[in-house]
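Visitor: Have a peek at input-v2.cif (mmCIF, C-alpha atoms).
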data_upload
#
loop_
_atom_site.label_atom_id
_atom_site.label_comp_id
_atom_site.auth_asym_id
_atom_site.auth_seq_id
_atom_site.Cartn_x
_atom_site.Cartn_y
_atom_site.Cartn_z
CA MET A 1 25.78 1.66 19.18
CA SER A 2 22.08 1.93 19.94
CA LEU A 3 19.76 -0.30 17.97
CA PRO A 4 17.48 1.25 15.36
CA PRO A 5 13.73 0.87 15.88
CA PRO A 6 12.43 -2.42 14.45
CA PRO A 7 11.19 -2.52 10.87
CA MET A 8 7.44 -2.14 10.30
CA GLY A 9 7.18 -4.07 7.07
CA LEU A 10 8.85 -6.83 5.08
CA ILE A 11 8.61 -6.71 1.31
CA ALA A 12 9.08 -10.30 0.21
CA GLU A 13 9.87 -10.26 -3.50
CA LEU A 14 9.24 -13.94 -4.03
CA THR A 15 10.16 -14.13 -7.69
CA HIS A 16 10.98 -11.97 -10.66
CA ARG A 17 8.94 -14.27 -12.91
CA CYS A 18 5.82 -12.55 -14.22
CA PRO A 19 3.35 -13.36 -17.01
CA LEU A 20 3.08 -9.64 -17.77
CA GLN A 21 5.64 -7.45 -19.49
CA CYS A 22 4.81 -3.94 -18.30
CA ALA A 23 7.44 -1.54 -19.55
CA TYR A 24 7.05 0.66 -16.46
CA CYS A 25 8.10 -2.11 -14.06
CA SER A 26 10.43 -0.89 -11.33
CA ASN A 27 12.19 -4.24 -11.02
CA PRO A 28 15.87 -4.17 -11.95
CA LEU A 29 16.89 -4.76 -15.57
CA ALA A 30 18.97 -7.70 -14.39
CA LEU A 31 16.17 -9.90 -13.07
CA ASP A 32 16.94 -12.80 -10.71
CA PRO A 33 16.77 -16.09 -12.63
CA PRO A 34 14.32 -18.72 -11.27
CA ALA A 35 17.13 -21.08 -10.20
CA SER A 36 18.48 -18.43 -7.81
CA GLU A 37 15.20 -18.05 -5.87
CA LEU A 38 15.02 -18.78 -2.17
CA THR A 39 13.42 -22.13 -1.35
CA THR A 40 10.20 -22.50 0.62
CA GLU A 41 12.19 -23.41 3.75
CA GLU A 42 14.38 -20.34 3.36
CA TRP A 43 11.37 -18.04 3.05
CA LEU A 44 9.68 -19.65 6.07
CA HIS A 45 12.81 -18.91 8.07
CA VAL A 46 12.84 -15.28 6.85
CA LEU A 47 9.19 -14.86 7.92
CA ASP A 48 9.85 -16.31 11.38
CA GLN A 49 12.78 -13.96 11.85
CA ALA A 50 10.83 -10.97 10.56
CA ALA A 51 8.06 -11.49 13.12
CA ALA A 52 10.59 -11.87 15.94
CA LEU A 53 12.33 -8.68 14.83
CA GLY A 54 9.10 -6.66 15.04
CA VAL A 55 7.84 -6.65 11.47
CA LEU A 56 4.06 -6.13 11.50
CA GLN A 57 3.14 -6.49 7.84
CA ALA A 58 4.37 -8.89 5.18
CA HIS A 59 3.94 -7.70 1.60
CA PHE A 60 4.31 -10.56 -0.88
CA SER A 61 5.45 -9.06 -4.11
CA GLY A 62 7.57 -9.79 -7.16
CA GLY A 63 7.47 -10.12 -10.16
CA GLU A 64 4.25 -12.02 -9.79
CA PRO A 65 4.15 -13.61 -6.32
CA MET A 66 1.42 -16.01 -7.45
CA ALA A 67 3.93 -17.59 -9.83
CA ARG A 68 5.34 -19.27 -6.71
CA ARG A 69 3.47 -22.49 -5.97
CA ASP A 70 4.25 -22.16 -2.27
CA LEU A 71 2.62 -18.72 -1.86
CA ALA A 72 -0.26 -19.97 0.29
CA ARG A 73 2.19 -21.87 2.52
CA LEU A 74 4.18 -18.67 3.05
CA VAL A 75 1.06 -16.61 3.74
CA ALA A 76 -0.05 -19.20 6.31
CA GLN A 77 3.31 -19.00 8.06
CA ALA A 78 3.24 -15.20 8.16
CA ALA A 79 -0.34 -15.20 9.48
CA ALA A 80 0.56 -17.79 12.13
CA ARG A 81 3.34 -15.46 13.30
CA GLY A 82 0.82 -12.60 13.65
CA LEU A 83 1.89 -10.67 10.56
CA TYR A 84 -0.66 -8.76 8.50
CA THR A 85 -0.49 -10.40 5.08
CA ASN A 86 -0.76 -8.57 1.80
CA ILE A 87 -0.32 -9.80 -1.77
CA ILE A 88 0.59 -7.42 -4.57
CA THR A 89 -0.47 -9.19 -7.73
CA SER A 90 -1.44 -8.81 -11.35
CA GLY A 91 -4.34 -11.17 -10.59
CA VAL A 92 -4.06 -13.18 -13.79
CA LEU A 93 -3.26 -16.37 -11.82
CA LEU A 94 -5.93 -15.81 -9.16
CA THR A 95 -8.23 -18.72 -10.00
CA ASP A 96 -11.02 -20.02 -7.74
CA ALA A 97 -8.67 -22.70 -6.42
CA ALA A 98 -5.87 -20.22 -5.70
CA MET A 99 -8.32 -17.89 -3.96
CA ALA A 100 -9.60 -20.72 -1.75
CA GLU A 101 -6.04 -21.67 -0.80
CA LEU A 102 -5.13 -18.10 0.11
CA LEU A 103 -8.27 -17.65 2.19
CA ALA A 104 -7.53 -20.82 4.10
CA ALA A 105 -4.00 -19.53 4.65
CA GLY A 106 -5.33 -16.35 6.27
CA ILE A 107 -4.65 -13.68 3.68
CA ASP A 108 -5.66 -10.20 4.92
CA HIS A 109 -5.58 -8.04 1.80
CA ILE A 110 -4.91 -8.17 -1.93
CA GLN A 111 -3.68 -5.37 -4.12
CA LEU A 112 -4.64 -5.96 -7.72
CA SER A 113 -2.90 -4.06 -10.48
CA PHE A 114 -4.58 -2.79 -13.62
CA GLN A 115 -2.74 -1.47 -16.66
CA ASP A 116 -5.64 0.63 -17.94
CA SER A 117 -9.41 1.03 -17.78
CA ARG A 118 -9.78 -0.37 -21.32
CA THR A 119 -8.98 -3.89 -22.42
CA ALA A 120 -6.99 -3.24 -25.59
CA GLU A 121 -4.86 -0.53 -24.01
CA ALA A 122 -4.27 -2.58 -20.86
CA GLU A 123 -3.18 -5.63 -22.82
CA ARG A 124 -0.87 -3.62 -25.05
CA ILE A 125 1.04 -2.54 -21.91
CA GLY A 126 0.84 -5.90 -20.11
CA GLY A 127 1.62 -7.93 -23.23
CA TYR A 128 -0.80 -10.62 -22.05
CA ARG A 129 -3.87 -11.37 -24.13
CA GLY A 130 -6.95 -11.98 -22.01
CA GLY A 131 -5.21 -10.53 -18.97
CA HIS A 132 -7.65 -7.69 -18.36
CA ALA A 133 -10.68 -10.01 -18.20
CA LYS A 134 -8.79 -12.27 -15.79
CA LYS A 135 -8.11 -9.27 -13.55
CA LEU A 136 -11.80 -8.36 -13.50
CA GLU A 137 -12.56 -11.97 -12.53
CA ALA A 138 -9.91 -11.80 -9.82
CA ALA A 139 -11.48 -8.62 -8.42
CA ARG A 140 -14.86 -10.37 -8.31
CA ARG A 141 -13.35 -13.34 -6.44
CA ILE A 142 -11.70 -11.04 -3.91
CA ARG A 143 -15.01 -9.22 -3.42
CA GLU A 144 -16.97 -12.46 -3.03
CA ALA A 145 -14.41 -13.70 -0.51
CA ASP A 146 -15.16 -10.56 1.51
CA LEU A 147 -11.49 -9.55 1.49
CA PRO A 148 -10.48 -5.92 1.25
CA LEU A 149 -9.40 -4.96 -2.25
CA THR A 150 -7.03 -2.32 -3.51
CA ALA A 151 -7.25 -1.53 -7.21
CA ASN A 152 -3.91 -0.18 -8.36
CA PHE A 153 -3.49 1.79 -11.57
CA VAL A 154 -0.06 2.80 -12.80
CA LEU A 155 -0.15 6.03 -14.76
CA HIS A 156 2.03 7.35 -17.53
CA LYS A 157 1.61 9.55 -20.55
CA GLN A 158 -0.01 6.80 -22.60
CA ASN A 159 -2.96 6.30 -20.23
CA ALA A 160 -3.17 9.44 -18.05
CA GLU A 161 -6.14 10.80 -20.00
CA ARG A 162 -8.26 7.89 -18.74
CA VAL A 163 -7.78 8.53 -15.03
CA GLU A 164 -11.51 9.21 -14.47
CA GLU A 165 -12.37 5.90 -16.13
CA MET A 166 -9.85 4.11 -13.92
CA ILE A 167 -11.36 5.57 -10.76
CA ALA A 168 -14.82 4.61 -12.03
CA LEU A 169 -13.60 1.05 -12.61
CA GLY A 170 -12.24 0.94 -9.05
CA GLU A 171 -15.65 2.04 -7.77
CA GLU A 172 -17.44 -0.51 -9.92
CA LEU A 173 -15.20 -3.25 -8.51
CA GLN A 174 -16.11 -2.02 -5.00
CA ALA A 175 -12.49 -1.54 -4.00
CA GLU A 176 -11.78 -0.22 -0.49
CA ARG A 177 -8.73 1.55 -1.80
CA ILE A 178 -7.77 2.88 -5.19
CA GLU A 179 -4.16 3.64 -5.89
CA ILE A 180 -3.46 6.11 -8.63
CA ALA A 181 0.28 5.73 -8.87
CA HIS A 182 2.35 7.55 -11.41
CA THR A 183 5.19 5.43 -12.74
CA GLN A 184 8.30 5.57 -10.60
CA TYR A 185 11.34 5.77 -12.81
CA TYR A 186 13.49 2.83 -11.76
CA GLY A 187 14.59 -0.28 -13.60
CA TRP A 188 12.43 -0.81 -16.69
CA GLY A 189 10.52 2.38 -15.96
CA LEU A 190 13.72 4.42 -16.16
CA LEU A 191 14.74 2.62 -19.35
CA ASN A 192 11.37 3.60 -20.90
CA ARG A 193 11.15 7.04 -19.34
CA ASN A 194 10.88 9.02 -22.56
CA ALA A 195 7.84 7.02 -23.64
CA LEU A 196 6.17 7.18 -20.21
CA LEU A 197 6.83 10.49 -18.45
CA PRO A 198 3.65 12.60 -18.62
CA SER A 199 3.58 16.29 -19.43
CA LEU A 200 2.87 18.85 -16.73
CA ALA A 201 -0.60 19.38 -18.21
CA GLN A 202 -1.32 15.63 -17.98
CA LEU A 203 -0.09 15.55 -14.40
CA GLU A 204 -2.33 18.47 -13.48
CA HIS A 205 -5.32 16.76 -15.08
CA VAL A 206 -4.68 13.57 -13.10
CA THR A 207 -4.16 15.46 -9.85
CA ALA A 208 -7.39 17.40 -10.29
CA ALA A 209 -9.31 14.20 -11.07
CA VAL A 210 -7.90 12.50 -7.94
CA MET A 211 -8.74 15.48 -5.70
CA ALA A 212 -12.31 15.62 -7.02
CA ALA A 213 -12.79 11.86 -6.58
CA ARG A 214 -11.38 11.97 -3.05
CA GLU A 215 -13.92 14.57 -2.08
CA ARG A 216 -16.76 12.65 -3.70
CA LEU A 217 -15.76 9.26 -2.23
CA LYS A 218 -14.78 10.51 1.24
CA GLY A 219 -15.45 7.94 3.97
CA ARG A 220 -16.17 5.22 1.36
CA ILE A 221 -13.09 4.70 -0.77
CA VAL A 222 -9.60 5.85 0.07
CA ILE A 223 -7.61 7.07 -2.91
CA ASP A 224 -3.87 6.99 -2.52
CA TYR A 225 -2.01 9.13 -4.97
CA VAL A 226 1.63 8.73 -5.93
CA VAL A 227 3.08 11.57 -7.98
CA PRO A 228 5.99 11.41 -10.40
CA ASP A 229 9.10 12.99 -8.89
CA TYR A 230 9.88 14.89 -12.05
CA TYR A 231 7.55 17.80 -11.34
CA ALA A 232 7.98 17.80 -7.57
CA ALA A 233 9.42 20.58 -5.44
CA ARG A 234 10.21 18.22 -2.59
CA PRO A 235 11.42 14.63 -2.84
CA LYS A 236 9.44 11.65 -1.63
CA ALA A 237 10.50 10.06 1.65
CA CYS A 238 11.69 6.97 -0.19
CA MET A 239 10.82 3.83 1.80
CA GLY A 240 10.07 6.14 4.76
CA GLY A 241 13.82 6.59 5.15
CA TRP A 242 16.68 4.20 4.42
CA GLY A 243 16.67 1.30 6.87
CA ASN A 244 13.96 3.06 8.85
CA ARG A 245 10.64 1.27 8.23
CA LEU A 246 11.03 -1.42 5.61
CA ILE A 247 13.20 -4.32 4.71
CA ASN A 248 13.08 -5.75 1.20
CA VAL A 249 14.24 -9.26 0.40
CA SER A 250 14.92 -10.01 -3.27
CA PRO A 251 14.01 -13.34 -4.93
CA SER A 252 17.57 -14.59 -4.47
CA GLY A 253 17.68 -13.53 -0.83
CA LYS A 254 19.48 -10.21 -0.86
CA ALA A 255 18.26 -7.88 1.88
CA LEU A 256 17.80 -4.38 0.52
CA PRO A 257 16.74 -1.10 2.16
CA CYS A 258 14.88 -0.32 -1.09
CA HIS A 259 14.03 -2.65 -3.94
CA ALA A 260 16.01 -0.59 -6.45
CA ALA A 261 19.09 -0.50 -4.22
CA GLU A 262 20.92 -3.16 -6.19
CA THR A 263 21.69 -0.47 -8.77
CA LEU A 264 23.90 1.33 -6.22
CA PRO A 265 27.63 0.78 -6.73
CA GLY A 266 30.01 0.10 -3.87
CA PHE A 267 27.55 -1.92 -1.83
CA THR A 268 27.56 -5.50 -0.70
CA PHE A 269 24.01 -6.32 0.21
CA PRO A 270 23.79 -9.02 2.85
CA SER A 271 22.01 -12.28 2.03
CA VAL A 272 19.40 -13.86 4.26
CA ARG A 273 21.10 -17.15 3.30
CA SER A 274 24.18 -16.28 5.31
CA GLU A 275 23.10 -13.69 7.91
CA THR A 276 20.19 -13.29 10.28
CA LEU A 277 17.60 -10.66 9.54
CA ALA A 278 18.31 -9.02 12.92
CA ALA A 279 22.03 -8.72 12.18
CA ILE A 280 21.24 -7.34 8.73
CA TRP A 281 18.81 -4.75 10.07
CA ASN A 282 20.74 -3.70 13.15
CA GLU A 283 24.36 -4.02 12.14
CA SER A 284 24.99 -4.36 8.41
CA GLU A 285 26.94 -1.60 6.74
CA ALA A 286 24.45 -1.54 3.87
CA PHE A 287 21.49 -0.71 6.12
CA ARG A 288 23.47 1.77 8.22
CA ARG A 289 25.08 3.71 5.37
CA PHE A 290 22.16 6.10 4.69
CA ARG A 291 20.18 5.58 7.88
CA GLY A 292 19.18 8.66 9.86
CA THR A 293 20.68 12.06 9.06
CA GLU A 294 24.43 11.71 9.70
CA TRP A 295 25.29 10.68 6.15
CA MET A 296 23.49 13.65 4.59
CA PRO A 297 25.07 16.42 2.57
CA ASP A 298 24.90 19.80 4.39
CA LEU A 299 21.98 20.86 2.23
CA CYS A 300 19.83 18.06 3.70
CA ARG A 301 21.33 17.92 7.19
CA THR A 302 20.53 21.58 7.81
CA CYS A 303 17.06 21.37 6.25
CA ASP A 304 14.03 21.38 8.53
CA ARG A 305 12.51 18.61 6.41
CA ARG A 306 15.44 16.23 6.98
CA GLU A 307 13.32 13.80 9.00
CA ILE A 308 10.30 14.22 6.70
CA ASP A 309 11.95 13.60 3.33
CA TRP A 310 15.04 11.76 4.61
CA GLY A 311 16.98 13.31 1.72
CA GLY A 312 14.68 11.65 -0.83
CA CYS A 313 15.67 8.58 -2.79
CA ARG A 314 19.25 7.30 -2.93
CA CYS A 315 18.69 5.33 -6.12
CA GLN A 316 17.26 8.37 -7.87
CA ALA A 317 20.16 10.51 -6.66
CA LEU A 318 22.50 8.00 -8.27
CA ALA A 319 20.48 7.58 -11.46
CA LEU A 320 20.10 11.32 -12.07
CA ALA A 321 22.93 13.08 -10.26
CA GLY A 322 25.47 10.27 -10.45
CA ASP A 323 25.98 10.20 -6.68
CA ALA A 324 23.92 8.06 -4.31
CA ALA A 325 24.88 10.30 -1.36
CA ALA A 326 23.67 13.51 -2.99
CA THR A 327 20.40 15.32 -2.30
CA ASP A 328 17.66 13.74 -4.42
CA PRO A 329 17.38 15.97 -7.53
CA ALA A 330 13.59 15.90 -7.01
CA CYS A 331 14.22 18.53 -4.31
CA ALA A 332 14.02 22.08 -5.66
CA LYS A 333 16.99 22.96 -3.43
CA SER A 334 19.20 20.40 -5.19
CA PRO A 335 21.82 21.88 -7.53
CA ASP A 336 20.80 19.09 -9.94
CA HIS A 337 17.07 19.90 -9.89
CA GLY A 338 17.25 21.19 -13.47
CA LEU A 339 17.90 17.62 -14.65
CA LEU A 340 14.26 16.82 -14.03
CA ALA A 341 12.99 19.59 -16.28
CA GLU A 342 15.48 18.43 -18.92
CA ALA A 343 14.13 14.89 -18.66
CA ALA A 344 10.56 16.15 -18.95
CA ALA A 345 11.49 18.20 -22.02
CA ALA A 346 13.23 15.19 -23.60
CA ALA A 347 10.12 13.07 -23.02
CA ALA A 348 7.76 15.67 -24.47
CA ASN A 349 8.25 14.78 -28.13
CA ALA A 350 9.78 11.35 -27.77
CA PRO A 351 8.39 8.30 -29.61
CA LEU A 352 5.99 6.09 -27.65
CA ASP A 353 7.82 2.80 -28.30
CA LEU A 354 8.30 0.71 -25.19
CA VAL A 355 10.85 -1.94 -24.30
CA PRO A 356 8.79 -4.68 -22.61
CA ARG A 357 10.02 -6.20 -19.36
CA ARG A 358 11.50 -9.64 -20.02
CA LEU A 359 13.31 -12.10 -17.78
CA HIS A 360 15.97 -12.79 -20.38
CA ALA A 361 17.60 -9.74 -21.88
CA GLN A 362 18.04 -11.47 -25.25
CA ASP A 363 14.25 -11.56 -25.65
CA ALA A 364 13.99 -7.79 -25.27
CA MET B 1 -21.63 16.02 12.02
CA THR B 2 -21.34 12.46 13.21
CA ASP B 3 -24.37 11.04 14.98
CA LEU B 4 -23.61 9.89 18.53
CA ALA B 5 -25.96 6.96 18.02
CA ALA B 6 -23.76 5.63 15.21
CA VAL B 7 -21.97 2.35 15.88
CA PRO B 8 -18.33 2.53 14.81
CA LYS B 9 -16.79 -0.57 13.26
CA PHE B 10 -13.39 -1.43 11.92
CA ARG B 11 -13.51 -1.62 8.18
CA ARG B 12 -12.90 -4.83 6.32
CA GLY B 13 -9.32 -6.00 6.67
CA VAL B 14 -8.45 -3.80 9.65
CA LYS B 15 -6.80 -5.37 12.70
CA PHE B 16 -6.20 -3.74 16.06
CA ARG B 17 -3.75 -5.71 18.13
CA TYR B 18 -1.07 -5.52 20.78
CA ASP B 19 2.49 -5.83 19.54
CA GLN B 20 4.76 -7.56 22.03
CA VAL B 21 7.98 -6.37 20.39
CA ARG B 22 7.10 -2.67 20.72
CA GLY B 23 4.94 -3.01 23.80
CA ALA B 24 2.29 -0.96 22.01
CA TRP B 25 -1.11 -1.26 20.35
CA VAL B 26 -1.03 -1.12 16.56
CA LEU B 27 -3.67 -0.66 13.91
CA LEU B 28 -2.99 -2.73 10.81
CA ALA B 29 -4.90 -2.03 7.63
CA PRO B 30 -4.48 -2.59 3.90
CA GLU B 31 -1.09 -1.01 3.20
CA ARG B 32 -1.47 1.24 6.19
CA LEU B 33 -0.09 1.00 9.64
CA LEU B 34 -0.98 3.34 12.45
CA LEU B 35 0.40 3.60 15.95
CA PRO B 36 -2.57 5.17 17.77
CA ASP B 37 -1.88 7.50 20.70
CA GLU B 38 -3.03 6.63 24.23
CA ILE B 39 -6.41 8.31 23.88
CA ALA B 40 -7.12 6.60 20.57
CA VAL B 41 -6.09 3.24 22.05
CA GLU B 42 -8.66 3.62 24.86
CA ILE B 43 -11.35 4.49 22.31
CA LEU B 44 -10.43 1.66 19.94
CA LYS B 45 -10.50 -0.92 22.73
CA LEU B 46 -14.21 -0.13 23.07
CA VAL B 47 -14.98 -0.52 19.38
CA ASP B 48 -16.73 -3.89 19.13
CA GLY B 49 -19.33 -3.37 16.43
CA ALA B 50 -22.10 -3.14 19.06
CA ARG B 51 -21.33 -0.07 21.18
CA SER B 52 -22.48 3.31 19.88
CA ILE B 53 -20.27 6.40 20.00
CA GLN B 54 -22.45 7.59 22.89
CA ALA B 55 -21.82 4.38 24.83
CA ILE B 56 -18.07 4.73 24.26
CA VAL B 57 -18.20 8.34 25.48
CA ASP B 58 -20.19 7.33 28.59
CA ASP B 59 -17.72 4.59 29.43
CA LEU B 60 -14.66 6.84 29.04
CA ALA B 61 -16.28 9.79 30.86
CA ALA B 62 -17.02 7.54 33.84
CA ARG B 63 -13.61 5.88 33.91
CA PHE B 64 -11.54 9.01 33.43
CA ASP B 65 -13.84 11.24 35.47
CA ALA B 66 -13.99 13.86 32.72
CA PRO B 67 -16.86 15.99 31.36
CA ARG B 68 -18.84 14.20 28.64
CA GLU B 69 -18.72 17.16 26.27
CA VAL B 70 -14.92 17.10 26.30
CA ILE B 71 -14.69 13.34 25.89
CA GLY B 72 -17.44 13.42 23.27
CA ALA B 73 -15.54 15.92 21.16
CA ASP B 74 -12.30 13.90 21.47
CA VAL B 75 -13.96 10.61 20.58
CA THR B 76 -15.85 12.03 17.60
CA GLU B 77 -12.75 13.73 16.25
CA ALA B 78 -10.59 10.63 16.64
CA LEU B 79 -13.15 8.35 14.97
CA GLU B 80 -13.82 10.78 12.11
CA ASN B 81 -10.10 11.06 11.53
CA LEU B 82 -9.80 7.26 11.36
CA ALA B 83 -12.85 7.07 9.08
CA ASN B 84 -11.26 9.53 6.68
CA ARG B 85 -8.14 7.39 6.62
CA GLY B 86 -10.23 4.39 5.65
CA VAL B 87 -9.82 2.47 8.88
CA MET B 88 -13.24 2.94 10.53
CA GLN B 89 -16.81 2.89 9.36
CA LEU B 90 -19.20 5.18 11.21
#
Once more with this new file: its structure as structure tokens, please.

Guide:
Amino acid sequence: MSLPPPPMGLIAELTHRCPLQCAYCSNPLALDPPASELTTEEWLHVLDQAAALGVLQAHFSGGEPMARRDLARLVAQAAARGLYTNIITSGVLLTDAAMAELLAAGIDHIQLSFQDSRTAEAERIGGYRGGHAKKLEAARRIREADLPLTANFVLHKQNAERVEEMIALGEELQAERIEIAHTQYYGWGLLNRNALLPSLAQLEHVTAAVMAARERLKGRIVIDYVVPDYYAARPKACMGGWGNRLINVSPSGKALPCHAAETLPGFTFPSVRSETLAAIWNESEAFRRFRGTEWMPDLCRTCDRREIDWGGCRCQALALAGDAAATDPACAKSPDHGLLAEAAAAAANAPLDLVPRRLHAQDA
Amino acid sequence: MTDLAAVPKFRRGVKFRYDQVRGAWVLLAPERLLLPDEIAVEILKLVDGARSIQAIVDDLAARFDAPREVIGADVTEALENLANRGVMQL
């Protein structure tokens, strides 16, 4: 068996704890309890192994990665091993002291999420009073520290009309990158799909606004745009292919080819507590199952986009078509493609009530 | 049209380094990762925040014994491409 190429990135989901309660969160409904989280020593060992395996970028994510008191220690270790370090945060815990610690640790980039361009709307989604102002403060601290800043906005039908305002806010904050990312329907996002999925007209408005802003901001600000799969003709290359570019480690140490993969039945995902990262990446059944093109249904295997789309997303194939090994229904060639139009129609007149993301299901 | 007197710089947060595991140069940027081809690697090695595009072209034209117009077009195209991807500042 020849070895696969080494992974490019490690997504370190440090914790599922988060002060925000965004109903579009793509974390699993069954969140890892705090007591199950990897210890500092365990994460340090994961980072050492990741660098040796060929990982180039470490993305510290969650939940809210800043809820871990040892974040700066972990960033310092990753930086010392030559990894490019990135934090994906809500920013509400990014105080002056935390910023100073992260700078000393050698942080390379921070992605700051915003729930909306307007305070009241943002805080209704985040469920955290005062959160929006804290995010604006966090953006200022990142700017003053001379770190590159990405301003991330998650879009859905309840805020899509304000896309121009969001881009303007990103400009005002002097972000290097603006991410206009439509909700991806996994975990809490899937649970709340009817209240979040935009109409085709909303999607077209957002797309036109992004294209116009890209042209206007060319060479100054990069705008990354993530579309919702539900109106797509071709599926996204989820994670750049299963076990192809990225390795995700959950708060409790499960190594996953995609952070939603725990929803897939019939899998035993290896733990970094009991196996080496190299063995997991190179040899584990879980990472090999959908790697490459051998596993594909004929429809994908004979398609000239098989190494562009990689068959789309396995978790979405399961969630929508009931079979993780099927062609992603986001592909217009999929026999299940009609399910997406049905979902869009169901969302069209649905109530806007949201189930907020909570660590303990009984709170929900 | 890019001015040959312009001094290209890596944008904030961009790192260009040699990766021992792959035996290749890599360009690491905020949530982006590029594996530049051989020509781009030779250009990027000369980006130091002081050299102009013209100076880079002169250096490469001398070392690779190629016409300046050809090298000039290659260098400008490669740097503009990287600028559009948010990696370089021209």

Visitor: Let me make sure I understand: among A:Ala346, A:Leu136, A:Leu29, A:Leu56, which one has the smallest atom-to-atom distance to Trp25 (chain B) if we use only C-alpha atoms?

Guide: A:Leu56

Visitor: Go through the shown structure with the PyMOL selection byres ((chain B and resi 7-15) around 6) and write out the matching residues as JSON, numbers by chain.

Guide: {"A": [108, 148], "B": [6, 16, 27, 28, 29, 49, 51, 52, 87, 88, 89, 90]}

Visitor: Name the residues that the PyMOL selection byres ((chain B) within 6 of (chain A)) picks from the file above, as a PyMOL selection string, using the file's chain letters and numbers.

Guide: chain B and resi 12-13+21+30+83-84+86

Visitor: To verify the selection step, state as a VMD selection string which residues the PyMOL selection byres ((chain A and resi 258) around 10) yields on this input.

Guide: chain A and resid 11 238 to 243 246 to 250 255 to 257 259 to 262 287 313 to 315

Visitor: Could you write those residues out with C-alpha atoms, as a tab-separated table (two decimals), in the frame of the given file?

Guide:
chain	number	residue	atom	x	y	z
A	11	ILE	CA	8.61	-6.71	1.31
A	238	CYS	CA	11.69	6.97	-0.19
A	239	MET	CA	10.82	3.83	1.80
A	240	GLY	CA	10.07	6.14	4.76
A	241	GLY	CA	13.82	6.59	5.15
A	242	TRP	CA	16.68	4.20	4.42
A	243	GLY	CA	16.67	1.30	6.87
A	246	LEU	CA	11.03	-1.42	5.61
A	247	ILE	CA	13.20	-4.32	4.71
A	248	ASN	CA	13.08	-5.75	1.20
A	249	VAL	CA	14.24	-9.26	0.40
A	250	SER	CA	14.92	-10.01	-3.27
A	255	ALA	CA	18.26	-7.88	1.88
A	256	LEU	CA	17.80	-4.38	0.52
A	257	PRO	CA	16.74	-1.10	2.16
A	259	HIS	CA	14.03	-2.65	-3.94
A	260	ALA	CA	16.01	-0.59	-6.45
A	261	ALA	CA	19.09	-0.50	-4.22
A	262	GLU	CA	20.92	-3.16	-6.19
A	287	PHE	CA	21.49	-0.71	6.12
A	313	CYS	CA	15.67	8.58	-2.79
A	314	ARG	CA	19.25	7.30	-2.93
A	315	CYS	CA	18.69	5.33	-6.12

Visitor: Find the distance between CA of Arg234 (chain A) and CA of Arg306 (chain A) and write it in Å to one decimal.

Guide: 11.1 Å

Visitor: Give me, as a PyMOL selection string, all polymer residues having an atom no more than 9 Å from Ala78 (chain B), counting all atoms listed in the file and skipping those fewer than 3 positions away in the same chain.

Guide: chain B and resi 39-40+43+73-75+81-83

Visitor: Would you output that residue set with C-alpha atoms, as a PDB file, in the coordinates of the input?

Guide:
ATOM      1  CA  ILE B  39      -6.410   8.310  23.880  1.00  0.00           C
ATOM      2  CA  ALA B  40      -7.120   6.600  20.570  1.00  0.00           C
ATOM      3  CA  ILE B  43     -11.350   4.490  22.310  1.00  0.00           C
ATOM      4  CA  ALA B  73     -15.540  15.920  21.160  1.00  0.00           C
ATOM      5  CA  ASP B  74     -12.300  13.900  21.470  1.00  0.00           C
ATOM      6  CA  VAL B  75     -13.960  10.610  20.580  1.00  0.00           C
ATOM      7  CA  ASN B  81     -10.100  11.060  11.530  1.00  0.00           C
ATOM      8  CA  LEU B  82      -9.800   7.260  11.360  1.00  0.00           C
ATOM      9  CA  ALA B  83     -12.850   7.070   9.080  1.00  0.00           C
TER      10      ALA B  83
END

Visitor: So how many Å separate CA of Ser117 (chain A) and CA of Ala98 (chain A), to one decimal?

Guide: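 Taking CA of Ser117 (chain A) and CA of Ala98 (chain A), their separation equals 24.7 Å.
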